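To keep things clear, I will list the structure first and then write my remarks on it.
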2 protein chains.
Amino acid sequence: MLADPTRAAIVLALMDGRSRVAKKLALDAGVTPQTATAHLRKLVAANILACEAHGRFKHFRIARAEVAHAVEALSELDVVSGRTLPLAAREVRFARCCYDHLAGRLGVAITERLPVFGGSVLAELGIHFDALEALRRPLSRCCIDWTERRPHIAGSLGAALLRTYKDKRWLVPVEESRKLVVTPRGRTMFVERLGLDDALFADHHS
Amino acid sequence: MLADPTRAAIVLALMDGRSRVAKKLALDAGVTPQTATAHLRKLVAANILACEAHGRFKHFRIARAEVAHAVEALSELDVVSGRTLPLAAREVRFARCCYDHLAGRLGVAITERLPVFGGSVLAELGIHFDALEALRRPLSRCCIDWTERRPHIAGSLGAALLRTYKDKRWLVPVEESRKLVVTPRGRTMFVERLGLDDALFADHHS
DNA sequence: CGATCGCTTCGGCAGCGAGCGAAGCGTTCG
DNA sequence: CGAACGCTTCGCTCGCTGCCGAAGCGATCG
């Protein structure tokens, strides 16, 4: 299903998490609209893409996180030479939302510190481990970041962390994008409370 | 590459981490040896499988962890109905090596406790975070367990943990398999030191 | 040293499916 | 209301590739 070059191009074009109309996807993939229609039908039927009709336009997007994970994992083994994630998906490298949790260099860095600072720091942030454990959702779902090629924490814990960062205004979301900006206060806090290296933020002053 | 049914069957048959000879793979996939040869050639060329010649036999195995990750991620989105991991790969559900780290229900359970018990417990086990950090290898590579569909910790930290369990004889490897057996002492220690639920071990007394 | 066996190469066949042109349908404009 | 536009359906072609039969090569074994 993802093996066909055209379908791969379509899915990769959507890997930045935003949605596009059919015609744009057809042009990007280098095929005619009829051909794109056939592929999009299959991709939606396979629950890989989701479709939303808007007037006479149809907007497509990645249907679920599992798809993104699979595409990332596939792109890690560059079997199909040259089929790599497009530049658009690499733009927001430093900090961005990945569905409901934090990704990018910042997300990876925090994940790597997690085993060190442990539960007490989480408690300081107002995240109570036991409350999360009660949720059905896997506690620490994993998500391999496709720019850093390293894991960052997802799951209910990852979602709780991102929610906390936003509430405390350490991070603020950018409109119409998945990008996140680090506030000066956030930078200080990430360094002091989570022990991150200040140099990490050096060339990313918001 | 992994989209072809025959190649998928071959790779899935090898997903238990062991190696097989070409003829067995051909029979499992339901094709003649000539056909299997062609597929195996491609899979080796694509660096998906590794091949080791042994007399007049050729043994094939999964080439690298990225391949296993990709296959796992793909099997999470059951796009291709019925193409799921074979029973053989599901046998050793509780505890097994996944290349160099611990996988299975036990690996997942420990991973979920990691953010709670933090660095001090690691130090008690004789694992020093700073020493690991110096290594080139990503500290906490992630690996989505294909039986539990949840992450367990890999990377240099995962490898160090498994080494420690073996050294302390909490776990002992089973010959000719990737299975690991929990010793009675190990069971006690996992519960006391890492805070795992004793019930987890209930129906897995070695 | 011949027989067997595992793997490989070659050639040809056959089926799947991606692709496009032409035509059709519904929506949105001027 | 008619034109433009986006998406869809239909029918067809054509190239790719998986598959096997036949034959060949090298290693092993009696």
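Convention: chains lettered A, B, ... in structure tokens order; per-chain residue numbering from 1; ligands numbered from 1 as shown.
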Requested in this report: Tell me which protein, DNA and RNA residues are within 10 Å of Gly30 in chain A, counting only C-alpha atoms (C1' of nucleotides), leaving out same-chain ones fewer than 6 positions away, and put them as a PyMOL selection string.
Outcome: chain A and resi 6+9-10+24+36
Counting only C-alpha atoms (C1' of nucleotides), chain B residues within 8 Å of chain D, as a JSON list (two decimals) with N, CA and C atoms, in the first residue's frame:
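part07.json, freshly written:
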[["chain", "number", "residue", "atom", "x", "y", "z"],
["B", 32, "THR", "N", 8.67, -21.79, -4.88],
["B", 32, "THR", "CA", 9.76, -22.70, -5.20],
["B", 32, "THR", "C", 11.10, -22.06, -4.82],
["B", 35, "THR", "N", 12.31, -19.05, -6.92],
["B", 35, "THR", "CA", 11.63, -17.79, -6.60],
["B", 35, "THR", "C", 12.17, -17.20, -5.31],
["B", 55, "GLY", "N", 28.67, -23.96, 4.57],
["B", 55, "GLY", "CA", 28.71, -25.14, 3.71],
["B", 55, "GLY", "C", 27.86, -24.89, 2.49],
["B", 56, "ARG", "N", 27.02, -25.82, 2.17],
["B", 56, "ARG", "CA", 26.16, -25.58, 1.00],
["B", 56, "ARG", "C", 24.85, -24.92, 1.39]]
Requested in this report: May I ask for the distance between CA of Glu112 in chain B and CA of Ile153 in chain B, given in Å to one decimal place?
Outcome: 9.1 Å
Report task. Just give me the gap between CA of Leu43 in chain A and CA of Ala3 in chain B in Å, one decimal is fine. Result ->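 So the two atoms, CA of Leu43 in chain A and CA of Ala3 in chain B, lie 14.7 Å apart.
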Per residue of chain C within 12 Å of chain A, which atom pair is closest and at what distance in Å (one decimal), using only C-alpha atoms (C1' of nucleotides), listed by chain and increasing number, as a Markdown table?
| residue | atom | partner | partner_atom | distance |
| --- | --- | --- | --- | --- |
| C:DG17 | C1' | A:Asp4 | CA | 10.3 |
| C:DA18 | C1' | A:Thr35 | CA | 8.0 |
| C:DG19 | C1' | A:Thr35 | CA | 6.8 |
| C:DC20 | C1' | A:Thr32 | CA | 7.6 |
| C:DG21 | C1' | A:Gln34 | CA | 10.3 |
| C:DA22 | C1' | A:Gln34 | CA | 11.5 |
| C:DC25 | C1' | A:Arg56 | CA | 11.5 |
| C:DG26 | C1' | A:Arg56 | CA | 7.8 |
| C:DT27 | C1' | A:Arg56 | CA | 5.4 |
| C:DT28 | C1' | A:Arg56 | CA | 7.9 |
Expected file contents, prior selection, C-alpha atoms (C1' of nucleotides), as a compact mmCIF listing (two decimals), in the first residue's frame:
# COMPACT_ATOMS: atom_id res chain seq x y z
C1' DG C 17 -2.22 -2.49 -11.42
C1' DA C 18 -0.68 2.24 -12.38
C1' DG C 19 -1.47 5.52 -15.76
C1' DC C 20 -4.16 8.52 -18.87
C1' DG C 21 -8.00 10.23 -22.22
C1' DA C 22 -12.67 11.02 -22.46
C1' DC C 25 -21.47 14.93 -11.90
C1' DG C 26 -21.88 18.42 -8.35
C1' DT C 27 -20.42 22.91 -6.62
C1' DT C 28 -19.19 27.67 -7.10
Neighbours of Ala73 in chain A within 7 Å (only C-alpha atoms (C1' of nucleotides); same-chain residues fewer than 5 positions away dropped), as a PDB file with C-alpha atoms, in the first residue's frame?
ATOM      1  CA  HIS B  69      11.166  -1.648  14.047  1.00  0.00           C
ATOM      2  CA  ALA B  70       9.699  -0.952  10.645  1.00  0.00           C
ATOM      3  CA  ALA B  73       5.314  -0.390  13.047  1.00  0.00           C
TER       4      ALA B  73
END
